[in-house]
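Each remark here refers to the structure printed beneath this line.
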Amino acid sequence: MTPSSAPAAGPAGRPLHIGMAGAGLSCAVIARELAEQGHRCTLFEKRPHVAGNCHTERDEKSQVMVHIYGPHIFHTDDDEVWALVNRYMRFMPFVNRVKATARGQVFSLPINLHTINQFFGKTFSPAEAEAFITQEQADTSIADPQSFEEQALRFIGRELYETFFRGYTLKQWEVDPKRLPAAILKRLPVRFNYNDNYFFHKHQGMPENGYTEMVEKMLDHPNIEVKLGTPLAPDALAEFDHVFWSGPVDGFYGYDLGRLPYRTLDFQRSEAEGDVQGCAVMNYCDEAVPFTRITEHKHFSPWETHAASVCYTEFSRSCGEADIPYYPVHLTEGDDLLKAYQARAAAEPGVTFVGRLGTYRYMDMDVTIRAALDTARAFLAKH
Ligand code: UDP
């Protein structure tokens, strides 16, 4: 629906002026939904670009599309979300097939029949591999796994866990896997066939011209204004009828109760001729290797041809005040600080907290878009 054909908005037919902190996926989706119903949205983005951490940019020299804040692969079972992203950008076929270097060999991830046969030096059929892993799991005698470690032991047994997950997880989170929630591991499948697709979802792909152009198109609407390089100042909140806040929830309160813990990432960027590692993602699972993975970005656009290459070596560390927050750190023992901020946020008049930082959740892009759509619709139903 175009703004001119949209019905008068609001209970009194008054179009609202909405302020938004951030111009990543959450605010872009909400802004578009609201703009199409006649509301005016102003987005304040402190960085010089839209699309948040899924920002992409072509490397001038090699012309490779680079995922500036690390790799983002779109995958979903949600047909409406898939239709929405395809409305703004053609998605090209892409299947994430990850390799892992561990104990001096290269394996296939997620753990599948090839990984199991190579690792144990076997020629198992699917049924034999399943029976073997069931035996490995039975040895751990964990009935109801709560932590990442228990889930891994229950799922794949001790040997695979210690080779592929323990070291990588210690580097990624710097927390003993006994204290991390099982949900982190539940993101990954284990397969007793040779399917090495990293994801379960029926839709998977990459935006032909990158995520940033996709988000720019979402925001290209006469009722939407984007102010780049401009954070939303706390004293400006009162200028708006409502605010959607996709920045850190603790940041909204000036961190007055303390800082919620995040992991940040450092990328060592390197450029070279040819094919450096032969795949998009190579994980390094040994604890002694200081980085978690190397991504070679031209392989994220397999429909393009590039002679040169851009690689990112990825290091994870605790997020300091001046760093970009990536992953919220949830622990099995719960978090009173988070609960305190969430209670305040839920009662905040005129402000809705959204997205990975606003709700302090480890969210994939499709989950972020679904949550944003639901939030926008709930808002429109009331206003
Ligand atoms: N993980 C691991 N070894 C691997 C890949 C993943 O131990 O080779 C664990 C690690 O704890 C990681 C989690 O599984 O944080 C989820 O992995 P995923 O690849 O989904 O991480 P993301 O790409 O979101 O960083």
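Residues are referred to by chain and number: the chain letter is A, B, ... according to the order shown in the structure tokens, the number counts from 1 in that chain, and ligands are numbered separately from 1 in the order shown.
Taking only C-alpha atoms and all ligand atoms into account, every polymer residue with at least one atom at most 7 Å away from ligand 1 is listed here: A:Ala100, A:Phe164, A:Phe165, A:Arg166, A:Gly167, A:Tyr168, A:Thr169, A:Gln172, A:Trp173, A:Ile184, A:Leu185, A:Arg187, A:Leu188, A:Asn283, A:Tyr284, A:Cys285.
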Just list the residues in segment 255-362 of chain A DSSP gives strand (DSSP E) on the backbone, as a ChimeraX atom specification. /A:262-273,281-284,293-296,308-318,327-328,351-353
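Of the residues under consideration (A:Cys27, A:Val106, A:Ile68, A:Pro145), A:Cys27 shows the shortest atom-to-atom contact distance to Ala376 of chain A when counting only C-alpha atoms.
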Nearby residues (only C-alpha atoms) at most 8 Å from segment 260-272 of chain A, same-chain spacing under 5 positions excluded, as a ChimeraX atom specification: /A:70,172-173,250,308-319,323-329,337-338
Produce a file of the selected residues containing N, CA and C atoms, as a CSV table (one decimal), in the first residue's frame.
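The resulting file, result20.csv, is shown below:
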```
chain,number,residue,atom,x,y,z
A,70,GLY,N,31.7,-9.5,9.6
A,70,GLY,CA,31.7,-10.9,9.7
A,70,GLY,C,30.5,-11.5,8.9
A,172,GLN,N,35.4,-18.8,21.7
A,172,GLN,CA,34.3,-17.9,21.3
A,172,GLN,C,33.7,-17.2,22.5
A,173,TRP,N,33.5,-17.9,23.6
A,173,TRP,CA,32.8,-17.3,24.7
A,173,TRP,C,33.6,-17.1,26.0
A,250,ASP,N,21.0,-1.7,28.1
A,250,ASP,CA,21.6,-1.1,29.2
A,250,ASP,C,22.2,0.3,28.9
A,308,ALA,N,41.0,-12.1,-7.3
A,308,ALA,CA,41.7,-11.9,-6.0
A,308,ALA,C,40.7,-12.2,-4.9
A,309,SER,N,41.2,-12.2,-3.7
A,309,SER,CA,40.4,-12.7,-2.6
A,309,SER,C,40.6,-11.7,-1.3
A,310,VAL,N,39.5,-11.7,-0.5
A,310,VAL,CA,39.6,-10.9,0.7
A,310,VAL,C,39.2,-11.9,1.8
A,311,CYS,N,40.1,-12.1,2.8
A,311,CYS,CA,39.8,-13.0,3.9
A,311,CYS,C,39.7,-12.2,5.3
A,312,TYR,N,38.9,-12.8,6.2
A,312,TYR,CA,38.8,-12.2,7.5
A,312,TYR,C,39.2,-13.4,8.5
A,313,THR,N,40.2,-13.1,9.3
A,313,THR,CA,40.5,-14.0,10.4
A,313,THR,C,39.9,-13.5,11.6
A,314,GLU,N,39.1,-14.3,12.3
A,314,GLU,CA,38.1,-13.8,13.3
A,314,GLU,C,38.6,-14.2,14.7
A,315,PHE,N,38.7,-13.2,15.6
A,315,PHE,CA,39.1,-13.3,17.0
A,315,PHE,C,38.0,-12.8,17.9
A,316,SER,N,37.6,-13.6,18.9
A,316,SER,CA,36.5,-13.2,19.8
A,316,SER,C,37.1,-12.7,21.1
A,317,ARG,N,36.5,-11.7,21.7
A,317,ARG,CA,37.0,-11.3,23.0
A,317,ARG,C,35.9,-10.5,23.7
A,318,SER,N,36.1,-10.3,25.0
A,318,SER,CA,35.1,-9.6,25.8
A,318,SER,C,34.9,-8.1,25.3
A,319,CYS,N,33.7,-7.7,25.2
A,319,CYS,CA,33.4,-6.4,24.6
A,319,CYS,C,33.7,-5.2,25.6
A,323,ASP,N,34.0,-0.8,22.0
A,323,ASP,CA,33.9,-1.9,21.0
A,323,ASP,C,32.4,-2.1,20.5
A,324,ILE,N,32.3,-2.7,19.4
A,324,ILE,CA,31.0,-3.1,18.8
A,324,ILE,C,30.5,-4.4,19.5
A,325,PRO,N,29.3,-4.3,20.1
A,325,PRO,CA,28.8,-5.5,20.7
A,325,PRO,C,28.3,-6.5,19.7
A,326,TYR,N,28.6,-7.8,19.8
A,326,TYR,CA,28.1,-8.8,18.8
A,326,TYR,C,27.2,-9.8,19.5
A,327,TYR,N,27.8,-10.6,20.4
A,327,TYR,CA,27.0,-11.7,21.0
A,327,TYR,C,26.7,-11.4,22.4
A,328,PRO,N,25.4,-11.4,22.8
A,328,PRO,CA,25.1,-11.3,24.2
A,328,PRO,C,25.5,-12.6,24.9
A,329,VAL,N,26.0,-12.5,26.1
A,329,VAL,CA,26.5,-13.7,26.8
A,329,VAL,C,25.5,-14.1,27.9
A,337,LEU,N,21.1,-8.9,36.6
A,337,LEU,CA,21.3,-7.5,35.9
A,337,LEU,C,20.4,-7.4,34.7
A,338,LEU,N,20.4,-8.5,33.9
A,338,LEU,CA,19.5,-8.5,32.7
A,338,LEU,C,18.1,-8.3,33.1
```
Provide the atom CA of Leu160 of chain A to atom CA of Ile111 of chain A distance in Å, to one decimal place. 8.6 Å
Excluding Gly358 of chain A and any residue of its chain fewer than 3 positions from it, enumerate the residues within 10 Å of it, using only C-alpha atoms, and give them as a VMD selection string. chain A and resid 21 26 244 to 252 342 345 352 to 355 361
Atoms to include: C-alpha atoms. Write the selected residues as an mmCIF file, in the first residue's frame.
```
data_model
loop_
_atom_site.group_PDB
_atom_site.id
_atom_site.type_symbol
_atom_site.label_atom_id
_atom_site.label_comp_id
_atom_site.auth_asym_id
_atom_site.auth_seq_id
_atom_site.Cartn_x
_atom_site.Cartn_y
_atom_site.Cartn_z
ATOM 1 C CA ALA A 21 17.581 4.367 17.384
ATOM 2 C CA SER A 26 14.880 -4.411 13.158
ATOM 3 C CA PHE A 244 11.829 2.108 18.883
ATOM 4 C CA TRP A 245 15.221 1.486 20.435
ATOM 5 C CA SER A 246 17.518 -1.102 18.827
ATOM 6 C CA GLY A 247 20.629 -0.018 20.723
ATOM 7 C CA PRO A 248 21.801 -1.848 23.861
ATOM 8 C CA VAL A 249 19.078 -1.902 26.523
ATOM 9 C CA ASP A 250 21.642 -1.093 29.246
ATOM 10 C CA GLY A 251 22.948 1.785 27.084
ATOM 11 C CA PHE A 252 19.462 3.332 27.082
ATOM 12 C CA GLN A 342 14.309 -5.918 31.245
ATOM 13 C CA ALA A 345 12.404 -1.651 29.707
ATOM 14 C CA THR A 352 9.784 -0.289 22.568
ATOM 15 C CA PHE A 353 13.087 -2.175 22.769
ATOM 16 C CA VAL A 354 13.834 -4.278 19.706
ATOM 17 C CA GLY A 355 16.503 -6.409 18.065
ATOM 18 C CA ARG A 361 19.153 -12.066 22.406
#
```
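Each of A:Asp77, A:Asp275, A:Glu60, A:Asp196 was compared to His299 of chain A using only C-alpha atoms, and A:Asp275 turns out to be the nearest.
Candidate residues A:Leu228, A:Ile18, A:Val64, A:Leu84 were compared for distance to His49 of chain A, and the nearest is A:Leu228, using only C-alpha atoms.
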Closest to Gly210 of chain A among A:Ile116, A:Lys339, A:Phe300, A:Val95, using only C-alpha atoms? A:Phe300
Excluding Arg377 of chain A and residues on its chain fewer than 6 positions from it, collect all residues at most 9 Å away from it, counting only C-alpha atoms, and give them as a count of residues only. 3
Just list as a PyMOL selection string whatever in segment 261-330 of chain A DSSP marks as helix (DSSP H, G or I). chain A and resi 297-300
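Between Cys41 of chain A and the residues A:Trp82, A:His17, A:Glu321, A:Pro207, the shortest atom-to-atom distance, using only C-alpha atoms, involves A:His17.
Neighbours of His221 of chain A closer than or equal to 12 Å, with only C-alpha atoms counted and sequence neighbours fewer than 2 positions away skipped, come out as Met1, Thr2, Pro3, Ser4, Ala28, Val29, Ala31, Arg32, Glu33, Leu34, Ala35, Glu36, Gln37, Gly38, His39, Arg40, Cys41, Thr42, Val215, Glu216, Lys217, Met218, Leu219, Asn223, Ile224, Glu225 and Val226 of chain A.
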Output N, CA and C atoms of each residue in that selection to a file, as a CSV table (one decimal), in the first residue's frame.
```
chain,number,residue,atom,x,y,z
A,1,MET,N,0.8,-1.2,0.0
A,1,MET,CA,0.0,0.0,0.0
A,1,MET,C,0.9,1.3,0.0
A,2,THR,N,0.6,2.2,-0.8
A,2,THR,CA,1.4,3.4,-0.8
A,2,THR,C,0.8,4.4,0.2
A,3,PRO,N,1.6,5.4,0.7
A,3,PRO,CA,1.1,6.3,1.7
A,3,PRO,C,-0.1,7.0,1.3
A,4,SER,N,-0.2,7.3,0.0
A,4,SER,CA,-1.4,8.1,-0.4
A,4,SER,C,-2.7,7.3,-0.4
A,28,ALA,N,14.6,-1.1,10.3
A,28,ALA,CA,14.3,-0.9,8.9
A,28,ALA,C,12.9,-1.6,8.6
A,29,VAL,N,12.8,-2.8,9.2
A,29,VAL,CA,11.5,-3.5,8.9
A,29,VAL,C,10.3,-2.8,9.6
A,31,ALA,N,10.2,0.4,10.5
A,31,ALA,CA,9.9,1.7,9.8
A,31,ALA,C,9.1,1.5,8.5
A,32,ARG,N,9.5,0.5,7.7
A,32,ARG,CA,8.7,0.3,6.5
A,32,ARG,C,7.3,0.0,6.7
A,33,GLU,N,7.0,-0.9,7.7
A,33,GLU,CA,5.6,-1.3,8.0
A,33,GLU,C,4.8,-0.1,8.5
A,34,LEU,N,5.4,0.7,9.3
A,34,LEU,CA,4.7,1.9,9.8
A,34,LEU,C,4.6,3.0,8.8
A,35,ALA,N,5.6,3.2,8.0
A,35,ALA,CA,5.6,4.2,6.9
A,35,ALA,C,4.5,3.9,5.9
A,36,GLU,N,4.3,2.6,5.6
A,36,GLU,CA,3.3,2.2,4.6
A,36,GLU,C,1.9,2.5,5.2
A,37,GLN,N,1.8,2.6,6.5
A,37,GLN,CA,0.5,3.0,7.1
A,37,GLN,C,0.3,4.5,7.4
A,38,GLY,N,1.2,5.3,6.8
A,38,GLY,CA,1.1,6.7,6.9
A,38,GLY,C,1.9,7.4,8.0
A,39,HIS,N,2.6,6.6,8.9
A,39,HIS,CA,3.3,7.2,10.0
A,39,HIS,C,4.7,7.7,9.4
A,40,ARG,N,5.2,8.7,10.1
A,40,ARG,CA,6.5,9.3,9.7
A,40,ARG,C,7.6,8.8,10.6
A,41,CYS,N,8.7,8.2,10.0
A,41,CYS,CA,9.7,7.6,10.8
A,41,CYS,C,11.0,8.3,10.6
A,42,THR,N,11.7,8.6,11.7
A,42,THR,CA,13.1,9.2,11.6
A,42,THR,C,14.0,8.2,12.3
A,215,VAL,N,18.7,-3.3,2.7
A,215,VAL,CA,18.1,-2.4,3.7
A,215,VAL,C,17.9,-1.0,3.2
A,216,GLU,N,18.8,-0.5,2.3
A,216,GLU,CA,18.5,0.8,1.8
A,216,GLU,C,17.2,0.9,1.0
A,217,LYS,N,16.9,-0.2,0.3
A,217,LYS,CA,15.7,-0.3,-0.4
A,217,LYS,C,14.4,-0.3,0.5
A,218,MET,N,14.6,-1.1,1.6
A,218,MET,CA,13.5,-1.1,2.6
A,218,MET,C,13.2,0.3,3.1
A,219,LEU,N,14.3,1.1,3.3
A,219,LEU,CA,14.2,2.4,3.9
A,219,LEU,C,13.8,3.5,2.8
A,223,ASN,N,8.0,8.4,3.6
A,223,ASN,CA,7.7,8.7,5.0
A,223,ASN,C,8.9,8.3,5.9
A,224,ILE,N,10.0,7.9,5.3
A,224,ILE,CA,11.2,7.5,6.1
A,224,ILE,C,12.3,8.4,5.9
A,225,GLU,N,12.9,8.9,7.0
A,225,GLU,CA,14.2,9.7,6.9
A,225,GLU,C,15.2,9.0,7.7
A,226,VAL,N,16.5,8.9,7.2
A,226,VAL,CA,17.6,8.3,7.9
A,226,VAL,C,18.7,9.3,8.1
```
Could you list, with a cut-off of 12 Å and counting only C-alpha atoms, the residues of segment 181-267 of chain A near segment 131-136 of chain A, each shown with its nearest atom pair and the distance in Å rounded to one decimal, rows sorted by chain and ascending number, as CSV?
```
residue,atom,partner,partner_atom,distance
A:Val190,CA,A:Ile133,CA,10.4
A:Arg191,CA,A:Ile133,CA,10.8
A:Phe192,CA,A:Ile133,CA,9.5
```
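For the choices A:Asn193, A:Ala152, A:Arg158, A:Asp144, the atom-to-atom distance to Thr123 of chain A is smallest for A:Asn193 when using only C-alpha atoms.
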